>>> print(open('entry18.txt').read())   # compact mmCIF, C-alpha atoms and all ligand atoms
# COMPACT_ATOMS: atom_id res chain seq x y z
CA MET A 279 -2.85 -22.90 63.64
CA LYS A 280 -5.12 -22.95 60.63
CA THR A 281 -4.27 -19.34 59.76
CA ALA A 282 -0.57 -20.08 60.18
CA ILE A 283 -0.86 -22.91 57.71
CA SER A 284 -2.76 -20.83 55.20
CA VAL A 285 -0.29 -17.93 55.51
CA PHE A 286 2.51 -20.43 54.95
CA ALA A 287 0.68 -21.86 51.96
CA LEU A 288 0.21 -18.38 50.55
CA LEU A 289 3.88 -17.59 51.03
CA LEU A 290 4.85 -20.79 49.32
CA LEU A 291 2.52 -20.00 46.46
CA CYS A 292 4.09 -16.54 46.08
CA LEU A 293 7.55 -18.06 46.10
CA VAL A 294 6.62 -20.67 43.52
CA SER A 295 4.89 -18.18 41.24
CA SER A 296 7.73 -15.65 41.47
CA SER A 297 10.31 -18.30 40.74
CA THR A 298 8.35 -19.55 37.70
CA SER A 299 7.97 -15.98 36.49
CA ALA A 300 11.73 -15.49 36.92
CA GLN A 301 12.33 -18.74 35.04
CA LYS A 302 10.01 -17.58 32.29
CA SER A 303 11.85 -14.26 32.04
CA SER A 304 15.27 -15.86 31.88
CA LYS A 305 14.02 -18.19 29.15
CA ILE A 306 12.79 -15.18 27.19
CA TYR A 307 16.11 -13.37 27.69
CA SER A 308 18.07 -16.30 26.30
CA LYS A 309 15.80 -16.25 23.22
CA VAL A 310 16.31 -12.47 23.00
CA GLN A 311 20.07 -13.02 22.98
CA LYS A 312 19.74 -15.58 20.18
CA ALA A 313 17.59 -13.18 18.18
CA LEU A 314 20.19 -10.46 18.71
CA ASP A 315 22.95 -12.79 17.48
CA LYS A 316 20.86 -13.52 14.39
CA LYS A 317 20.14 -9.80 13.94
CA ASP A 318 16.46 -10.62 14.06
CA TYR A 319 15.45 -7.35 15.66
CA TYR A 320 11.72 -7.60 15.08
CA ASP A 321 11.75 -10.98 16.77
CA MET A 322 13.72 -9.45 19.62
CA ILE A 323 11.08 -6.79 20.22
CA ASP A 324 8.29 -9.39 20.05
CA LEU A 325 10.05 -11.49 22.69
CA LEU A 326 10.76 -8.52 24.95
CA GLU A 327 7.11 -7.47 24.80
CA ARG A 328 6.20 -10.86 26.22
CA LEU A 329 8.11 -10.22 29.46
CA PRO A 330 6.05 -9.65 32.62
CA LYS A 331 5.23 -6.04 33.42
CA GLU A 332 7.61 -5.75 36.38
CA GLU A 333 10.50 -6.88 34.18
CA LYS A 334 9.97 -3.87 31.92
CA ALA A 335 11.36 -1.53 34.58
CA THR A 336 14.73 -3.32 34.55
CA ALA A 337 18.01 -2.47 32.86
CA PRO A 338 18.22 -5.61 30.64
CA TYR A 339 14.77 -5.02 29.17
CA ASN A 340 15.42 -1.36 28.38
CA LYS A 341 18.89 -2.04 27.03
CA ASN A 342 17.68 -4.77 24.68
CA MET A 343 14.76 -2.65 23.48
CA ALA A 344 17.16 0.23 22.82
CA LEU A 345 19.54 -2.06 20.90
CA ALA A 346 16.79 -3.55 18.76
CA LEU A 347 15.18 -0.20 17.92
CA ASP A 348 18.57 1.39 17.29
CA SER A 349 19.45 -1.43 14.86
CA LEU A 350 16.11 -0.92 13.11
CA LYS A 351 16.97 2.79 12.78
CA ARG A 352 13.94 3.71 14.87
CA TYR A 353 16.03 6.26 16.65
CA ALA A 354 13.28 8.30 18.33
CA SER A 355 12.06 5.18 20.17
CA ALA A 356 15.58 3.91 20.80
CA ILE A 357 16.46 7.19 22.54
CA LYS A 358 13.56 6.67 24.97
CA TYR A 359 14.84 3.21 25.97
CA TYR A 360 18.49 4.24 26.14
CA ASN A 361 17.47 6.99 28.57
CA ARG A 362 15.51 4.57 30.77
CA TYR A 363 18.41 2.12 30.71
CA LEU A 364 21.00 4.77 31.57
CA ASP A 365 18.84 5.98 34.47
CA LEU A 366 19.40 2.54 35.99
CA VAL A 367 22.94 1.64 34.98
CA LYS A 368 26.19 3.43 34.15
CA ASP A 369 27.30 2.36 30.67
CA SER A 370 29.71 4.57 28.80
CA ALA A 371 29.28 2.78 25.45
CA ALA A 372 25.51 3.23 25.63
CA THR A 373 25.96 6.88 26.71
CA GLN A 374 28.13 7.53 23.66
CA ARG A 375 25.74 5.75 21.34
CA LEU A 376 22.81 7.72 22.78
CA ALA A 377 24.62 11.03 22.23
CA PHE A 378 25.37 9.97 18.65
CA ILE A 379 21.80 9.07 17.75
CA VAL A 380 20.33 12.08 19.57
CA ASP A 381 22.54 14.22 17.35
CA LYS A 382 21.49 12.22 14.29
CA GLU A 383 17.79 12.58 15.17
CA GLU A 384 18.13 16.31 15.72
CA LYS A 385 19.80 16.71 12.34
CA ARG A 386 17.12 14.59 10.70
CA ILE A 387 14.36 16.70 12.24
CA LEU A 388 16.13 19.90 11.16
CA ALA A 389 16.49 18.59 7.61
CA TRP A 390 12.84 17.59 7.60
CA LYS A 391 11.78 21.05 8.81
CA ALA A 392 14.02 22.68 6.20
CA LYS A 393 12.39 20.51 3.55
CA LEU A 394 8.92 21.50 4.74
CA ILE A 395 9.92 25.15 4.46
CA ARG A 396 11.28 24.54 0.95
CA ILE A 397 8.00 22.93 -0.09
CA LYS A 398 5.95 25.69 1.54
CA ASP A 399 7.66 28.35 -0.56
CA CYS A 400 7.95 26.29 -3.72
CA PRO A 401 6.74 28.37 -6.69
CA LYS A 402 6.08 25.30 -8.79
CA CYS A 403 3.68 23.43 -6.51
CA ASN A 404 2.65 26.26 -4.18
CA GLY A 405 3.38 24.13 -1.15
CA THR A 406 1.25 21.18 -2.21
CA ASP A 407 4.19 19.00 -3.35
CA THR A 408 1.98 18.06 -6.28
CA VAL A 409 2.01 19.39 -9.81
CA TYR A 410 -0.63 18.80 -12.43
CA THR A 411 0.48 17.98 -15.92
CA GLU A 412 -1.48 17.43 -19.06
CA MET A 413 -0.65 14.11 -20.63
CA SER A 414 -1.79 12.29 -23.72
CA CYS A 415 -4.82 10.16 -22.77
CA MET A 416 -3.81 6.55 -22.08
CA SER A 417 -7.24 5.11 -22.82
CA CYS A 418 -7.43 6.27 -26.42
CA GLY A 419 -3.71 6.78 -27.09
CA GLY A 420 -4.37 10.48 -27.60
CA ALA A 421 -6.88 9.94 -30.40
CA GLY A 422 -9.83 11.26 -28.40
CA GLN A 423 -11.99 8.54 -29.92
CA ILE A 424 -12.24 4.82 -29.51
CA ARG A 425 -13.17 2.44 -32.32
CA LYS A 426 -15.88 0.07 -31.20
CA PRO A 427 -17.54 -2.76 -33.12
CA CYS A 428 -21.02 -1.77 -34.30
CA SER A 429 -23.68 -3.01 -31.93
CA ARG A 430 -26.17 -3.58 -34.75
CA CYS A 431 -24.00 -5.80 -36.99
CA GLN A 432 -21.46 -6.88 -34.31
CA GLY A 433 -18.63 -5.65 -36.53
CA ARG A 434 -19.66 -7.74 -39.55
CA ALA A 435 -20.70 -4.63 -41.52
CA ILE A 436 -23.67 -6.54 -42.97
CA VAL A 437 -27.13 -7.19 -41.59
CA ALA A 438 -30.06 -9.30 -42.73
CA CYS A 439 -31.84 -7.79 -45.70
CA SER A 440 -34.85 -5.85 -44.45
CA THR A 441 -36.93 -6.59 -47.55
CA CYS A 442 -36.73 -10.38 -47.39
CA MET A 443 -35.80 -10.59 -43.70
CA GLY A 444 -32.62 -12.42 -44.67
CA LYS A 445 -34.30 -15.20 -46.61
CA GLY A 446 -33.01 -14.03 -50.03
CA SER A 447 -36.40 -14.65 -51.61
CA LEU A 448 -39.89 -13.26 -51.53
CA PRO A 449 -43.12 -15.18 -51.81
CA SER A 450 -45.14 -14.78 -55.01
CA PRO A 451 -48.23 -16.53 -56.37
CA ASN A 452 -45.88 -18.62 -58.56
CA GLY A 453 -43.61 -19.59 -55.71
CA PRO A 454 -40.64 -17.75 -54.15
CA ILE A 455 -38.72 -15.27 -56.29
CA PRO A 456 -35.23 -13.90 -55.55
CA CYS A 457 -35.24 -10.71 -53.44
CA GLY A 458 -34.43 -7.71 -55.63
CA SER A 459 -32.99 -5.70 -52.73
CA CYS A 460 -30.21 -8.14 -51.89
CA GLN A 461 -30.03 -9.98 -55.20
CA GLY A 462 -30.93 -13.14 -53.35
CA GLY A 463 -28.03 -12.90 -50.95
CA GLY A 464 -30.22 -12.18 -47.90
CA THR A 465 -27.91 -9.48 -46.55
CA GLN A 466 -27.46 -5.75 -46.94
CA ARG A 467 -24.82 -3.30 -45.83
CA CYS A 468 -25.23 -2.14 -42.23
CA ASN A 469 -26.04 1.52 -42.29
CA SER A 470 -25.34 2.07 -38.59
CA CYS A 471 -21.58 1.92 -38.93
CA GLU A 472 -18.61 2.32 -41.14
CA ARG A 473 -17.28 -1.12 -42.15
CA GLY A 474 -18.50 -2.63 -38.91
CA TYR A 475 -17.06 -0.06 -36.54
CA ASN A 476 -18.08 3.18 -34.93
CA GLU A 477 -15.92 5.88 -33.43
CA GLU A 478 -17.01 6.82 -29.95
CA SER A 479 -15.81 9.72 -27.89
CA CYS A 480 -13.22 8.39 -25.37
CA SER A 481 -14.66 8.29 -21.87
CA GLY A 482 -11.18 8.67 -20.35
CA CYS A 483 -10.65 12.15 -21.76
CA ASN A 484 -14.16 13.01 -22.95
CA GLY A 485 -12.74 13.27 -26.43
CA SER A 486 -10.24 15.97 -25.47
CA ARG A 487 -7.27 13.64 -26.17
CA ARG A 488 -5.49 14.73 -23.01
CA THR A 489 -5.85 14.01 -19.31
CA MET A 490 -4.61 15.80 -16.21
CA THR A 491 -2.23 13.76 -14.13
CA HIS A 492 -0.80 14.78 -10.81
CA LEU A 493 2.85 14.14 -10.18
CA LYS A 494 5.12 14.76 -7.24
CA CYS A 495 6.78 18.15 -7.51
CA ASP A 496 10.36 17.71 -8.71
CA LEU A 497 11.82 20.95 -7.35
CA HIS A 498 12.49 19.25 -4.02
CA ASP A 499 12.64 15.68 -2.74
ZN ZN B 1 7.31 22.06 -5.20
ZN ZN B 2 -22.95 -2.02 -38.31
ZN ZN B 3 -33.35 -9.38 -49.52
ZN ZN B 4 -9.04 9.46 -24.34
>>> encode(input="entry18.txt", output="structure tokens", more="lines below")
Ligand SMILES: [Zn+2]
Ligand SMILES: [Zn+2]
Ligand SMILES: [Zn+2]
Ligand SMILES: [Zn+2]
Amino acid sequence: MKTAISVFALLLLCLVSSSTSAQKSSKIYSKVQKALDKKDYYDMIDLLERLPKEEKATAPYNKNMALALDSLKRYASAIKYYNRYLDLVKDSAATQRLAFIVDKEEKRILAWKAKLIRIKDCPKCNGTDTVYTEMSCMSCGGAGQIRKPCSRCQGRAIVACSTCMGKGSLPSPNGPIPCGSCQGGGTQRCNSCERGYNEESCSGCNGSRRTMTHLKCDLHD
């Protein structure tokens, strides 16, 4: 008696869980339909992925996946789902659509292969799809040198007079006398720069004025 009850309970549990799983799936499908109406194909795929595993062997799942991927132009994946769907159900519209995108995919692959061959034999890029061009250096505007403020005088072109240390006067037994080197001004011309600036070799081009830039080869797309 006890076993009979527990078997019954187990059966009931199975029934309940399968019906809730079916309810869950039908809820998801109605959301999938709404997403399809709104042309929200990424949303559609997200929703379909949430279906229980056993549902993924069914026609509605595979059809919806095929539709979403087809709309997103992910034809290679769409073909896979159309095939699974058509293994389960006869659908002439889907069969026609599948034939159309299979043809499209084949042409795309052929074009891609042809392009690869064109690149491989390209005399301009030698199959690398990249060409190197010399361009005027962007860092120095093609000058090869960059003007930088003098680090000694910070661009002021004058520094403190070295004779009077910038005081403008020198001590003497009769009191301070004006510094002869700077005429009392306390400053002298900076001899580390030219009017406060120094030309430095550009680090972008090492002073060569030009840099090598690689560009996509333009003999093919
Ligand atoms: Zn090329
Ligand atoms: Zn200076
Ligand atoms: Zn001085
Ligand atoms: Zn430069």
>>> atom_distance(input="entry18.txt", atom1="CA of Ser479 in chain A", atom2="CA of Ala438 in chain A")
28.0 Å
>>> residues_near_point(input="entry18.txt", point="(-3.9, 11.1, -18.6)", cutoff="6 Å", atoms="all atoms listed in the file", output="list in words")
Met413, Ser414, Cys415, Met416, Arg488, Thr489, Met490 and Thr491 of chain A
>>> closest_atom_pairs(input="entry18.txt", of="chain A", to="ligand ZN 3 (chain B)", cutoff="7 Å", atoms="only C-alpha atoms and all ligand atoms", output="tab-separated table")
residue	atom	partner	partner_atom	distance
A:Cys439	CA	B:ZN3	ZN	4.4
A:Ser440	CA	B:ZN3	ZN	6.4
A:Thr441	CA	B:ZN3	ZN	4.9
A:Cys442	CA	B:ZN3	ZN	4.1
A:Met443	CA	B:ZN3	ZN	6.4
A:Gly444	CA	B:ZN3	ZN	5.8
A:Lys445	CA	B:ZN3	ZN	6.6
A:Gly446	CA	B:ZN3	ZN	4.7
A:Ser447	CA	B:ZN3	ZN	6.4
A:Cys457	CA	B:ZN3	ZN	4.6
A:Gly458	CA	B:ZN3	ZN	6.4
A:Ser459	CA	B:ZN3	ZN	4.9
A:Cys460	CA	B:ZN3	ZN	4.1
A:Gln461	CA	B:ZN3	ZN	6.6
A:Gly462	CA	B:ZN3	ZN	5.9
A:Gly463	CA	B:ZN3	ZN	6.5
A:Gly464	CA	B:ZN3	ZN	4.5
A:Thr465	CA	B:ZN3	ZN	6.2
>>> closest_residue(input="entry18.txt", among="A:Arg430, A:Arg425, A:Lys317, A:Arg328", to="Leu347 in chain A", atoms="only C-alpha atoms")
A:Lys317
>>> residues_near_ligand(input="entry18.txt", ligand="ligand ZN 2 (chain B)", cutoff="8 Å", atoms="all atoms listed in the file", output="PDB file with C-alpha atoms, keeping the file's coordinate frame")
ATOM      1  CA  PRO A 427     -17.540  -2.760 -33.120  1.00  0.00           C
ATOM      2  CA  CYS A 428     -21.020  -1.770 -34.300  1.00  0.00           C
ATOM      3  CA  SER A 429     -23.680  -3.010 -31.930  1.00  0.00           C
ATOM      4  CA  ARG A 430     -26.170  -3.580 -34.750  1.00  0.00           C
ATOM      5  CA  CYS A 431     -24.000  -5.800 -36.990  1.00  0.00           C
ATOM      6  CA  GLN A 432     -21.460  -6.880 -34.310  1.00  0.00           C
ATOM      7  CA  GLY A 433     -18.630  -5.650 -36.530  1.00  0.00           C
ATOM      8  CA  ARG A 434     -19.660  -7.740 -39.550  1.00  0.00           C
ATOM      9  CA  ALA A 435     -20.700  -4.630 -41.520  1.00  0.00           C
ATOM     10  CA  ILE A 436     -23.670  -6.540 -42.970  1.00  0.00           C
ATOM     11  CA  VAL A 437     -27.130  -7.190 -41.590  1.00  0.00           C
ATOM     12  CA  ARG A 467     -24.820  -3.300 -45.830  1.00  0.00           C
ATOM     13  CA  CYS A 468     -25.230  -2.140 -42.230  1.00  0.00           C
ATOM     14  CA  ASN A 469     -26.040   1.520 -42.290  1.00  0.00           C
ATOM     15  CA  SER A 470     -25.340   2.070 -38.590  1.00  0.00           C
ATOM     16  CA  CYS A 471     -21.580   1.920 -38.930  1.00  0.00           C
ATOM     17  CA  GLU A 472     -18.610   2.320 -41.140  1.00  0.00           C
ATOM     18  CA  ARG A 473     -17.280  -1.120 -42.150  1.00  0.00           C
ATOM     19  CA  GLY A 474     -18.500  -2.630 -38.910  1.00  0.00           C
ATOM     20  CA  TYR A 475     -17.060  -0.060 -36.540  1.00  0.00           C
ATOM     21  CA  ASN A 476     -18.080   3.180 -34.930  1.00  0.00           C
TER      22      ASN A 476
END
>>> residues_around(input="entry18.txt", residues="Gln423 in chain A", least_positions_apart="2", cutoff="7 Å", atoms="only C-alpha atoms", output="MDAnalysis selection string")
chainID A and resid 418 421 425 477:480 485
>>> closest_residue(input="entry18.txt", among="A:Ala344, A:Gly420, A:Ile455, A:Thr406", to="ligand ZN 1 (chain B)", atoms="all atoms listed in the file")
A:Thr406
>>> residues_near_ligand(input="entry18.txt", ligand="ligand ZN 1 (chain B)", cutoff="12 Å", atoms="all atoms listed in the file", output="count of residues only")
25
>>> atom_distance(input="entry18.txt", atom1="CA of Glu332 in chain A", atom2="CA of Ser349 in chain A")
24.9 Å
>>> atom_distance(input="entry18.txt", atom1="CA of Leu314 in chain A", atom2="CA of Ala346 in chain A")
7.7 Å
>>> residues_near_point(input="entry18.txt", point="(14.9, -7.1, 18.2)", cutoff="9 Å", atoms="only C-alpha atoms", output="ChimeraX atom specification")
/A:310,313-314,317-326,342-347,349-350
>>> residues_around(input="entry18.txt", residues="Tyr353 in chain A", least_positions_apart="2", cutoff="12 Å", atoms="only C-alpha atoms", output="ChimeraX atom specification")
/A:343-351,355-360,375-387
>>> write_last_selection(input="entry18.txt", atoms="C-alpha atoms", output="compact mmCIF listing (two decimals), in the frame of the given file")
# COMPACT_ATOMS: atom_id res chain seq x y z
CA MET A 343 14.76 -2.65 23.48
CA ALA A 344 17.16 0.23 22.82
CA LEU A 345 19.54 -2.06 20.90
CA ALA A 346 16.79 -3.55 18.76
CA LEU A 347 15.18 -0.20 17.92
CA ASP A 348 18.57 1.39 17.29
CA SER A 349 19.45 -1.43 14.86
CA LEU A 350 16.11 -0.92 13.11
CA LYS A 351 16.97 2.79 12.78
CA SER A 355 12.06 5.18 20.17
CA ALA A 356 15.58 3.91 20.80
CA ILE A 357 16.46 7.19 22.54
CA LYS A 358 13.56 6.67 24.97
CA TYR A 359 14.84 3.21 25.97
CA TYR A 360 18.49 4.24 26.14
CA ARG A 375 25.74 5.75 21.34
CA LEU A 376 22.81 7.72 22.78
CA ALA A 377 24.62 11.03 22.23
CA PHE A 378 25.37 9.97 18.65
CA ILE A 379 21.80 9.07 17.75
CA VAL A 380 20.33 12.08 19.57
CA ASP A 381 22.54 14.22 17.35
CA LYS A 382 21.49 12.22 14.29
CA GLU A 383 17.79 12.58 15.17
CA GLU A 384 18.13 16.31 15.72
CA LYS A 385 19.80 16.71 12.34
CA ARG A 386 17.12 14.59 10.70
CA ILE A 387 14.36 16.70 12.24
>>> closest_residue(input="entry18.txt", among="A:Pro456, A:Pro451, A:Pro330, A:Gly419", to="ligand ZN 4 (chain B)", atoms="all atoms listed in the file")
A:Gly419
>>> closest_residue(input="entry18.txt", among="A:Arg487, A:Lys316, A:Lys391, A:Lys305", to="ligand ZN 4 (chain B)", atoms="all atoms listed in the file")
A:Arg487
>>> closest_residue(input="entry18.txt", among="A:Gln311, A:Ser370, A:Ser417, A:Thr336", to="ligand ZN 4 (chain B)", atoms="all atoms listed in the file")
A:Ser417
